[in-house]
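This report concerns only the one structure given below.
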Amino acid sequence: MRKEEFNLPSFSKEQLEFLHSSLERMYLFDSIEIEKNRLKVSLSFDCENLAGEIDRVLGVVKSYEVETIYEAPYKNSIHDSIHEKLIDNQGILKFSPGKFLLQKDYLLFFQFIDSLLYSFSQKIKAIEQVYPVLWPVELFRDIDYFKEFPQNIMMVHAVKQEQKSLRDFSALYAKERKEFTSIEQSEHLSPAHYALGTSTCDPCYFAYKNLKNQKASGEFTSLSKSFRNELSKDFKLDRLNEFHMREVVSIGKSEKVLQQREKFKSFSKYLFDYFHFEGLIQTASDPFFTSENLIKNALQSAIQSKFELLVNVGGEKMMSIGSINWHQDFFGRSFGVKADDDHFMTSSCLAFGLERFVYAFFLQHGIEEKKWPEQLRDDYGSFKEIKKKQQTIFNFSSLDKTEEKNEAGPRSEKREWDVDVQSKILSSFREHFSLEKSDEELWDLDKNKLQEWDSLNHLILISSLEKIFKRKVKMKDQLELHSSVKDLVHYFSSKN
Ligand SMILES: [Zn+2]
């Protein structure tokens with residue numbers, strides 16, 4: 001392990017944070033410590049010209065400036081154990097490390113926030129869109145994403161559609177073979193043609209690539225899933241490797257898009273006031289990986305291409321719940337999309353991470369509604385009322401009829417017992433599953449009590465009964481026959 005120390009010029013708090021996150025994103029150091037004017041790092045492999053690399057980073061940090069455009073006047077004390085409370089209340093259910101199912105109160109509040117964001121999008125007449133979560137490699141290539149953000153990428157590989165690969169793969173990963181929790185890279189997998197979408201708005205621009213000669217202009221909104229290969233150290237809701245993003249997007253000529261960005265800013269300030277968030281909106285930059293692109297970080301903040309909505313989550317720590325981005329004509333040029341004959345399309349987006357948004361609110365205000373800001377509490381109350389009624393807003397009458405049909409299905413029809421049928425079924429049941437049980441015990445048996453029950457057994461039993469009774473069981477009936485002895489006797493006793 002190699003340890004090195006460097007002197008630092010006097011940096012602002014923001015510059016020190018930027019320095020720390022930039023060094024982190026180089027994926028070079030085992031530890032990074034910043035104390036007063038000293039930087040201490042340790043690394044376990046050789047880096048040629050480490051001093052030169054650090055010097056370059058420090059040069060970039062010097063030109064990094066942060067501008068705060070809004071500081072909210074609220075002070076909230078942090079509810080530290082909110083994550084545990086949500087787990088206890090089953091608002092979130094653990095799925096796998098760092099992954100959760102959302103439901104109940106948590107989901108409802110999530111939908112409430114989303115509906116506020118959606119309402120804003122409708123004030124600027126945005127068209128709602130649904131985006132694919134698998135993005136073609138071509139999209140990433142066009143925007144040079146693999147070079148600049150390799151740390152975020154999660155690729156999608158299919159098994160090769162050929163006999164040998166399918167057979168080998170199927171044998172290797174059969175359930176009975178071993179306890180496995182990952183799939184090895186191998187010759188059975190085809191090259192990745194897709195990666196999981198790392199943000200939300202890119203497909204909106206990319207779609208115009210195929211609309212040759214169409215001038216790109218308009219406002220759009222989408223709620224989409226985003227995927228990044230990162231997890232919070234303690235597996236909480238602050239950093240997930242898949243999360244929901246609601247975005248509002250404006251594309252077209254720069255004058256109009258920049259006007260829309262001003263609306264994004266005012267709406268963002270409104271959100272801080274509406275939710276009584278302790279926090280601020282300030283310029284920020286994306287965590288580029290390559291050090292040659294590090295300069296872009298500083299430039300991004302200088303040209304104010306990104307503002308982040310930062311909320312206090314305890315101590316000195318801030319968490320970003322959203323951002324306002326001005327891409328200039330980056331996507332227009334990358335995808336060859338024009339706003340008119342002379343100009344590439346420009347774009348701006350307002351993006352929110354919904355899981356974080358909810359989490360941040362609960363951290364600052366807790367989950368007890370009576371302690372929430374008044375206006376919000378009233379709105380949320382009405383929202384819940386509407387949600388309850390929603391089922392009756394539009395009545396799909398044909399849907400109700402389906403339920404009636406099911407109730408009158410074969411299982412509830414009254415049929416007469418046929419003792420002969422009963423004994424034939426009992427014996428074939430006994431033979432089929434090698435069961436040594438009395439008639440009475442068998443009678444009460446259903447498939448849930450049988451270890452060796454599976455859908456294949458079910459079909460084999462049914463087909464043997466078909467032979468015995470010389471009668472075809474209709475497909476739809478097969479699905480409804482749960483194959484308890486009682487069910488089967490009912491079925492084969494009926495006349496038709
Ligand atoms: Zn975006």
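FYI, nothing fancy with the structure tokens labels: chains A, B, ... in order, residues from 1 per chain, ligands from 1 as they appear.
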For the structure I just gave you, how does DSSP split segment 82-205 of chain A - specifically, which residues are strand (DSSP E)? Reply as a PyMOL selection string. chain A and resi 92-96+99-102+127-128+134-136+155-156+194-196
Please report, as a PyMOL selection string, each residue of segment 406-475 of chain A to which DSSP assigns alpha helix (DSSP H) when run on this structure's backbone. chain A and resi 406-407+419-432+439-443+455-469+475
Output for the residues just chosen: N, CA and C atoms as a tab-separated table (two decimals), in the first residue's frame:
```tsv
chain	number	residue	atom	x	y	z
A	406	ASN	N	-66.67	-15.77	-13.39
A	406	ASN	CA	-65.80	-16.60	-12.56
A	406	ASN	C	-66.55	-17.20	-11.38
A	407	GLU	N	-67.41	-16.35	-10.77
A	407	GLU	CA	-68.14	-16.84	-9.61
A	407	GLU	C	-69.03	-18.03	-9.97
A	419	VAL	N	-70.35	-41.90	-6.55
A	419	VAL	CA	-69.47	-42.70	-5.69
A	419	VAL	C	-68.42	-43.44	-6.53
A	420	ASP	N	-68.82	-43.86	-7.68
A	420	ASP	CA	-67.91	-44.57	-8.55
A	420	ASP	C	-66.76	-43.66	-8.99
A	421	VAL	N	-67.12	-42.47	-9.40
A	421	VAL	CA	-66.10	-41.48	-9.81
A	421	VAL	C	-65.15	-41.23	-8.65
A	422	GLN	N	-65.75	-41.04	-7.48
A	422	GLN	CA	-64.95	-40.75	-6.29
A	422	GLN	C	-63.90	-41.83	-6.03
A	423	SER	N	-64.29	-43.07	-6.11
A	423	SER	CA	-63.32	-44.12	-5.79
A	423	SER	C	-62.25	-44.24	-6.88
A	424	LYS	N	-62.63	-44.05	-8.13
A	424	LYS	CA	-61.62	-44.09	-9.20
A	424	LYS	C	-60.58	-42.98	-9.02
A	425	ILE	N	-61.04	-41.81	-8.66
A	425	ILE	CA	-60.12	-40.68	-8.50
A	425	ILE	C	-59.21	-40.88	-7.28
A	426	LEU	N	-59.80	-41.37	-6.20
A	426	LEU	CA	-58.98	-41.63	-5.01
A	426	LEU	C	-57.86	-42.62	-5.32
A	427	SER	N	-58.19	-43.66	-6.05
A	427	SER	CA	-57.15	-44.66	-6.31
A	427	SER	C	-56.11	-44.13	-7.30
A	428	SER	N	-56.54	-43.36	-8.28
A	428	SER	CA	-55.52	-42.87	-9.22
A	428	SER	C	-54.66	-41.79	-8.57
A	429	PHE	N	-55.22	-41.07	-7.66
A	429	PHE	CA	-54.46	-40.09	-6.88
A	429	PHE	C	-53.39	-40.80	-6.04
A	430	ARG	N	-53.85	-41.89	-5.40
A	430	ARG	CA	-52.97	-42.65	-4.51
A	430	ARG	C	-51.81	-43.25	-5.30
A	431	GLU	N	-52.14	-43.80	-6.45
A	431	GLU	CA	-51.15	-44.45	-7.29
A	431	GLU	C	-50.17	-43.41	-7.86
A	432	HIS	N	-50.73	-42.31	-8.31
A	432	HIS	CA	-49.93	-41.29	-8.96
A	432	HIS	C	-48.88	-40.70	-8.04
A	439	ASP	N	-58.78	-43.20	2.77
A	439	ASP	CA	-59.68	-42.44	1.90
A	439	ASP	C	-60.01	-41.08	2.52
A	440	GLU	N	-60.18	-41.10	3.81
A	440	GLU	CA	-60.58	-39.86	4.50
A	440	GLU	C	-59.47	-38.81	4.44
A	441	GLU	N	-58.23	-39.28	4.71
A	441	GLU	CA	-57.09	-38.36	4.66
A	441	GLU	C	-56.91	-37.80	3.24
A	442	LEU	N	-57.05	-38.67	2.28
A	442	LEU	CA	-56.89	-38.24	0.88
A	442	LEU	C	-57.95	-37.21	0.49
A	443	TRP	N	-59.11	-37.45	1.01
A	443	TRP	CA	-60.24	-36.57	0.68
A	443	TRP	C	-59.95	-35.12	1.05
A	455	SER	N	-46.58	-28.45	-11.76
A	455	SER	CA	-47.53	-28.33	-12.85
A	455	SER	C	-47.46	-29.54	-13.80
A	456	LEU	N	-46.29	-30.17	-13.87
A	456	LEU	CA	-46.15	-31.33	-14.74
A	456	LEU	C	-46.96	-32.51	-14.16
A	457	ASN	N	-46.79	-32.74	-12.86
A	457	ASN	CA	-47.59	-33.77	-12.19
A	457	ASN	C	-49.07	-33.55	-12.40
A	458	HIS	N	-49.46	-32.31	-12.27
A	458	HIS	CA	-50.85	-31.93	-12.46
A	458	HIS	C	-51.35	-32.40	-13.82
A	459	LEU	N	-50.55	-32.10	-14.87
A	459	LEU	CA	-50.97	-32.47	-16.22
A	459	LEU	C	-51.01	-33.99	-16.40
A	460	ILE	N	-50.02	-34.67	-15.82
A	460	ILE	CA	-49.98	-36.13	-15.96
A	460	ILE	C	-51.21	-36.77	-15.29
A	461	LEU	N	-51.53	-36.27	-14.11
A	461	LEU	CA	-52.71	-36.78	-13.40
A	461	LEU	C	-53.97	-36.54	-14.22
A	462	ILE	N	-54.11	-35.31	-14.72
A	462	ILE	CA	-55.31	-34.99	-15.50
A	462	ILE	C	-55.41	-35.89	-16.73
A	463	SER	N	-54.27	-36.09	-17.41
A	463	SER	CA	-54.37	-36.88	-18.64
A	463	SER	C	-54.69	-38.33	-18.33
A	464	SER	N	-54.21	-38.84	-17.17
A	464	SER	CA	-54.58	-40.22	-16.84
A	464	SER	C	-56.07	-40.31	-16.49
A	465	LEU	N	-56.59	-39.27	-15.85
A	465	LEU	CA	-58.03	-39.26	-15.55
A	465	LEU	C	-58.86	-39.14	-16.84
A	466	GLU	N	-58.30	-38.39	-17.80
A	466	GLU	CA	-59.00	-38.28	-19.09
A	466	GLU	C	-59.19	-39.65	-19.72
A	467	LYS	N	-58.14	-40.47	-19.58
A	467	LYS	CA	-58.21	-41.83	-20.14
A	467	LYS	C	-59.26	-42.65	-19.40
A	468	ILE	N	-59.19	-42.62	-18.07
A	468	ILE	CA	-60.12	-43.42	-17.27
A	468	ILE	C	-61.57	-43.06	-17.59
A	469	PHE	N	-61.84	-41.75	-17.64
A	469	PHE	CA	-63.23	-41.32	-17.82
A	469	PHE	C	-63.60	-41.07	-19.28
A	475	MET	N	-59.04	-26.84	-21.81
A	475	MET	CA	-57.90	-26.08	-21.32
A	475	MET	C	-58.29	-25.13	-20.18
```
Taking only C-alpha atoms and all ligand atoms into account, which residues have an atom no farther than 12 Å from ligand 1? I'd like them as an MDAnalysis selection string. chainID A and resid 197:205 220:224 226 245:251 305:306 322:327 331 347:353
How would the residues just picked look written out with N, CA and C atoms as a tab-separated table (two decimals), in the first residue's frame?
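Once written, result.tsv looks like this:
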```tsv
chain	number	residue	atom	x	y	z
A	197	GLY	N	-30.97	2.07	-19.28
A	197	GLY	CA	-30.96	3.54	-19.37
A	197	GLY	C	-30.42	4.17	-18.09
A	198	THR	N	-29.48	5.08	-18.24
A	198	THR	CA	-28.81	5.65	-17.06
A	198	THR	C	-29.45	6.96	-16.61
A	199	SER	N	-30.39	7.45	-17.40
A	199	SER	CA	-31.05	8.69	-17.05
A	199	SER	C	-32.46	8.58	-17.61
A	200	THR	N	-33.14	9.69	-17.85
A	200	THR	CA	-34.47	9.55	-18.40
A	200	THR	C	-34.65	10.19	-19.76
A	201	CYS	N	-34.17	11.41	-19.95
A	201	CYS	CA	-34.61	12.19	-21.11
A	201	CYS	C	-33.95	11.82	-22.44
A	202	ASP	N	-32.83	11.08	-22.42
A	202	ASP	CA	-32.10	10.81	-23.66
A	202	ASP	C	-32.95	10.21	-24.79
A	203	PRO	N	-33.84	9.23	-24.49
A	203	PRO	CA	-34.65	8.67	-25.57
A	203	PRO	C	-35.52	9.71	-26.29
A	204	CYS	N	-35.92	10.74	-25.55
A	204	CYS	CA	-36.75	11.79	-26.16
A	204	CYS	C	-36.01	12.43	-27.33
A	205	TYR	N	-34.70	12.66	-27.16
A	205	TYR	CA	-33.90	13.28	-28.23
A	205	TYR	C	-33.53	12.26	-29.29
A	220	PHE	N	-42.04	17.91	-23.19
A	220	PHE	CA	-42.38	16.52	-22.95
A	220	PHE	C	-42.21	16.19	-21.47
A	221	THR	N	-42.87	15.12	-21.06
A	221	THR	CA	-42.64	14.65	-19.69
A	221	THR	C	-42.71	13.13	-19.66
A	222	SER	N	-41.96	12.55	-18.74
A	222	SER	CA	-41.97	11.09	-18.61
A	222	SER	C	-41.59	10.68	-17.19
A	223	LEU	N	-42.20	9.60	-16.73
A	223	LEU	CA	-41.76	8.96	-15.49
A	223	LEU	C	-41.10	7.67	-15.92
A	224	SER	N	-39.83	7.52	-15.62
A	224	SER	CA	-39.09	6.40	-16.17
A	224	SER	C	-38.15	5.84	-15.12
A	226	SER	N	-34.42	4.65	-14.05
A	226	SER	CA	-33.02	4.87	-14.42
A	226	SER	C	-32.15	3.90	-13.64
A	245	MET	N	-37.30	8.35	-12.16
A	245	MET	CA	-37.08	9.76	-12.44
A	245	MET	C	-38.29	10.33	-13.17
A	246	ARG	N	-38.77	11.44	-12.67
A	246	ARG	CA	-39.78	12.22	-13.42
A	246	ARG	C	-39.03	13.38	-14.06
A	247	GLU	N	-39.14	13.49	-15.36
A	247	GLU	CA	-38.48	14.59	-16.04
A	247	GLU	C	-39.48	15.43	-16.82
A	248	VAL	N	-39.17	16.71	-16.91
A	248	VAL	CA	-39.89	17.60	-17.81
A	248	VAL	C	-38.83	18.16	-18.75
A	249	VAL	N	-39.08	18.08	-20.04
A	249	VAL	CA	-38.06	18.38	-21.03
A	249	VAL	C	-38.54	19.46	-21.98
A	250	SER	N	-37.64	20.35	-22.34
A	250	SER	CA	-37.97	21.31	-23.39
A	250	SER	C	-36.92	21.21	-24.49
A	251	ILE	N	-37.35	21.11	-25.75
A	251	ILE	CA	-36.38	21.06	-26.84
A	251	ILE	C	-36.76	22.08	-27.91
A	305	SER	N	-24.53	24.91	-16.54
A	305	SER	CA	-25.32	23.96	-17.32
A	305	SER	C	-26.12	23.04	-16.40
A	306	LYS	N	-25.79	23.07	-15.11
A	306	LYS	CA	-26.53	22.19	-14.20
A	306	LYS	C	-26.74	22.88	-12.84
A	322	GLY	N	-32.97	16.54	-7.17
A	322	GLY	CA	-33.33	16.87	-8.55
A	322	GLY	C	-32.33	17.81	-9.16
A	323	SER	N	-32.49	18.05	-10.46
A	323	SER	CA	-31.58	18.97	-11.13
A	323	SER	C	-32.25	19.65	-12.31
A	324	ILE	N	-31.70	20.82	-12.63
A	324	ILE	CA	-32.17	21.57	-13.81
A	324	ILE	C	-30.98	21.59	-14.76
A	325	ASN	N	-31.15	21.00	-15.92
A	325	ASN	CA	-30.02	20.84	-16.83
A	325	ASN	C	-30.20	21.61	-18.13
A	326	TRP	N	-29.15	22.23	-18.56
A	326	TRP	CA	-29.15	22.93	-19.86
A	326	TRP	C	-28.06	22.29	-20.69
A	327	HIS	N	-28.48	21.52	-21.71
A	327	HIS	CA	-27.50	20.73	-22.47
A	327	HIS	C	-26.94	21.49	-23.67
A	331	PHE	N	-27.15	17.28	-27.37
A	331	PHE	CA	-27.90	16.13	-27.90
A	331	PHE	C	-28.27	16.36	-29.37
A	347	SER	N	-31.57	21.64	-25.74
A	347	SER	CA	-32.50	20.99	-24.80
A	347	SER	C	-32.19	21.37	-23.35
A	348	SER	N	-33.22	21.30	-22.56
A	348	SER	CA	-33.09	21.52	-21.13
A	348	SER	C	-34.05	20.56	-20.44
A	349	CYS	N	-33.66	20.05	-19.28
A	349	CYS	CA	-34.60	19.18	-18.57
A	349	CYS	C	-34.60	19.48	-17.08
A	350	LEU	N	-35.75	19.19	-16.49
A	350	LEU	CA	-35.92	19.29	-15.05
A	350	LEU	C	-36.14	17.85	-14.58
A	351	ALA	N	-35.26	17.35	-13.72
A	351	ALA	CA	-35.30	15.92	-13.40
A	351	ALA	C	-35.35	15.70	-11.89
A	352	PHE	N	-36.20	14.77	-11.47
A	352	PHE	CA	-36.32	14.47	-10.04
A	352	PHE	C	-36.14	12.98	-9.79
A	353	GLY	N	-35.38	12.64	-8.76
A	353	GLY	CA	-35.29	11.25	-8.31
A	353	GLY	C	-36.37	11.05	-7.26
```
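Every protein or nucleic acid residue with an atom no more than 10 Å from His193 of chain A, counting only C-alpha atoms and leaving out same-chain residues fewer than 6 positions away, appears here: Leu134, Trp135, Pro136, Val137, Glu138, Met155, Val156, His157 and Ala158 of chain A.
For Lys75 of chain A, the residues within 10 Å (counting only C-alpha atoms, excluding itself and residues fewer than 4 positions away along the chain) are His276, Phe277, Glu278, Gly279, Asn312 and Gln364 of chain A.
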Keeping only N, CA and C atoms, write those residues as an mmCIF file, in the first residue's frame.
```
data_model
loop_
_atom_site.group_PDB
_atom_site.id
_atom_site.type_symbol
_atom_site.label_atom_id
_atom_site.label_comp_id
_atom_site.auth_asym_id
_atom_site.auth_seq_id
_atom_site.Cartn_x
_atom_site.Cartn_y
_atom_site.Cartn_z
ATOM 1 N N HIS A 276 -41.366 22.850 2.534
ATOM 2 C CA HIS A 276 -40.560 23.392 3.641
ATOM 3 C C HIS A 276 -39.239 22.640 3.754
ATOM 4 N N PHE A 277 -38.554 22.511 2.646
ATOM 5 C CA PHE A 277 -37.271 21.809 2.653
ATOM 6 C C PHE A 277 -36.167 22.718 3.153
ATOM 7 N N GLU A 278 -35.348 22.214 4.037
ATOM 8 C CA GLU A 278 -34.117 22.913 4.366
ATOM 9 C C GLU A 278 -33.097 22.512 3.304
ATOM 10 N N GLY A 279 -32.602 23.519 2.565
ATOM 11 C CA GLY A 279 -31.672 23.183 1.502
ATOM 12 C C GLY A 279 -31.471 24.341 0.564
ATOM 13 N N ASN A 312 -30.850 19.154 3.015
ATOM 14 C CA ASN A 312 -30.072 18.734 4.164
ATOM 15 C C ASN A 312 -30.556 17.371 4.673
ATOM 16 N N GLN A 364 -36.725 14.970 6.826
ATOM 17 C CA GLN A 364 -36.843 16.319 7.393
ATOM 18 C C GLN A 364 -38.136 16.520 8.189
#
```
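Coordinates place atom CA of Phe11 of chain A at a distance of 9.6 Å from atom CA of Lys36 of chain A.
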Write out as a VMD selection string the residues lying within 12 Å of Glu255 of chain A, counting only C-alpha atoms and excluding same-chain residues fewer than 2 positions away. chain A and resid 217 250 to 253 257 to 262 328 339 343 345 to 348
Saved selection, atoms kept: C-alpha atoms, as a PDB file, in the first residue's frame:
```pdb
ATOM      1  CA  SER A 217     -39.429  21.425 -30.837  1.00  0.00           C
ATOM      2  CA  SER A 250     -37.974  21.314 -23.394  1.00  0.00           C
ATOM      3  CA  ILE A 251     -36.385  21.060 -26.844  1.00  0.00           C
ATOM      4  CA  GLY A 252     -36.037  23.445 -29.784  1.00  0.00           C
ATOM      5  CA  LYS A 253     -34.278  26.725 -30.420  1.00  0.00           C
ATOM      6  CA  VAL A 257     -35.594  26.471 -24.296  1.00  0.00           C
ATOM      7  CA  LEU A 258     -33.794  28.930 -22.026  1.00  0.00           C
ATOM      8  CA  GLN A 259     -37.100  30.648 -21.268  1.00  0.00           C
ATOM      9  CA  GLN A 260     -38.508  27.268 -20.237  1.00  0.00           C
ATOM     10  CA  ARG A 261     -35.459  26.684 -18.058  1.00  0.00           C
ATOM     11  CA  GLU A 262     -36.368  29.845 -16.146  1.00  0.00           C
ATOM     12  CA  GLN A 328     -27.057  23.479 -25.062  1.00  0.00           C
ATOM     13  CA  ALA A 339     -34.399  22.788 -34.582  1.00  0.00           C
ATOM     14  CA  HIS A 343     -29.604  25.345 -35.840  1.00  0.00           C
ATOM     15  CA  MET A 345     -31.793  21.350 -31.414  1.00  0.00           C
ATOM     16  CA  THR A 346     -31.013  22.573 -27.906  1.00  0.00           C
ATOM     17  CA  SER A 347     -32.495  20.993 -24.801  1.00  0.00           C
ATOM     18  CA  SER A 348     -33.089  21.517 -21.126  1.00  0.00           C
TER      19      SER A 348
END
```
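Straight-line separation from atom CA of Gly332 of chain A to atom CA of Ile281 of chain A: 26.9 Å.
Nearest to Lys212 of chain A of all the residues A:Pro9, A:Gly314, A:Gly98, A:Gly336 is A:Gly336, based on only C-alpha atoms.
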List the spatial neighbours of Leu354 of chain A as a VMD selection string - criterion: any atom at most 10 Å away, only C-alpha atoms, same-chain residues fewer than 5 positions off excluded. chain A and resid 109 to 111 113 to 114 223 243 to 246 321 to 322 359 to 360
Dump of C-alpha atoms for the selected residues, as a PDB file, in the first residue's frame:
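Saved as selection-v8.pdb:
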```pdb
ATOM      1  CA  PHE A 109     -46.736   9.833  -1.030  1.00  0.00           C
ATOM      2  CA  PHE A 110     -44.459   8.954  -3.956  1.00  0.00           C
ATOM      3  CA  GLN A 111     -47.495   9.187  -6.266  1.00  0.00           C
ATOM      4  CA  ILE A 113     -45.180  14.033  -5.355  1.00  0.00           C
ATOM      5  CA  ASP A 114     -45.201  12.682  -8.879  1.00  0.00           C
ATOM      6  CA  LEU A 223     -41.764   8.959 -15.493  1.00  0.00           C
ATOM      7  CA  PHE A 243     -34.762   4.481  -9.298  1.00  0.00           C
ATOM      8  CA  HIS A 244     -37.644   6.465 -10.744  1.00  0.00           C
ATOM      9  CA  MET A 245     -37.081   9.762 -12.444  1.00  0.00           C
ATOM     10  CA  ARG A 246     -39.777  12.222 -13.418  1.00  0.00           C
ATOM     11  CA  ILE A 321     -33.289  15.318  -5.111  1.00  0.00           C
ATOM     12  CA  GLY A 322     -33.334  16.870  -8.546  1.00  0.00           C
ATOM     13  CA  TYR A 359     -36.939   9.914   1.553  1.00  0.00           C
ATOM     14  CA  ALA A 360     -35.660  13.482   1.970  1.00  0.00           C
TER      15      ALA A 360
END
```
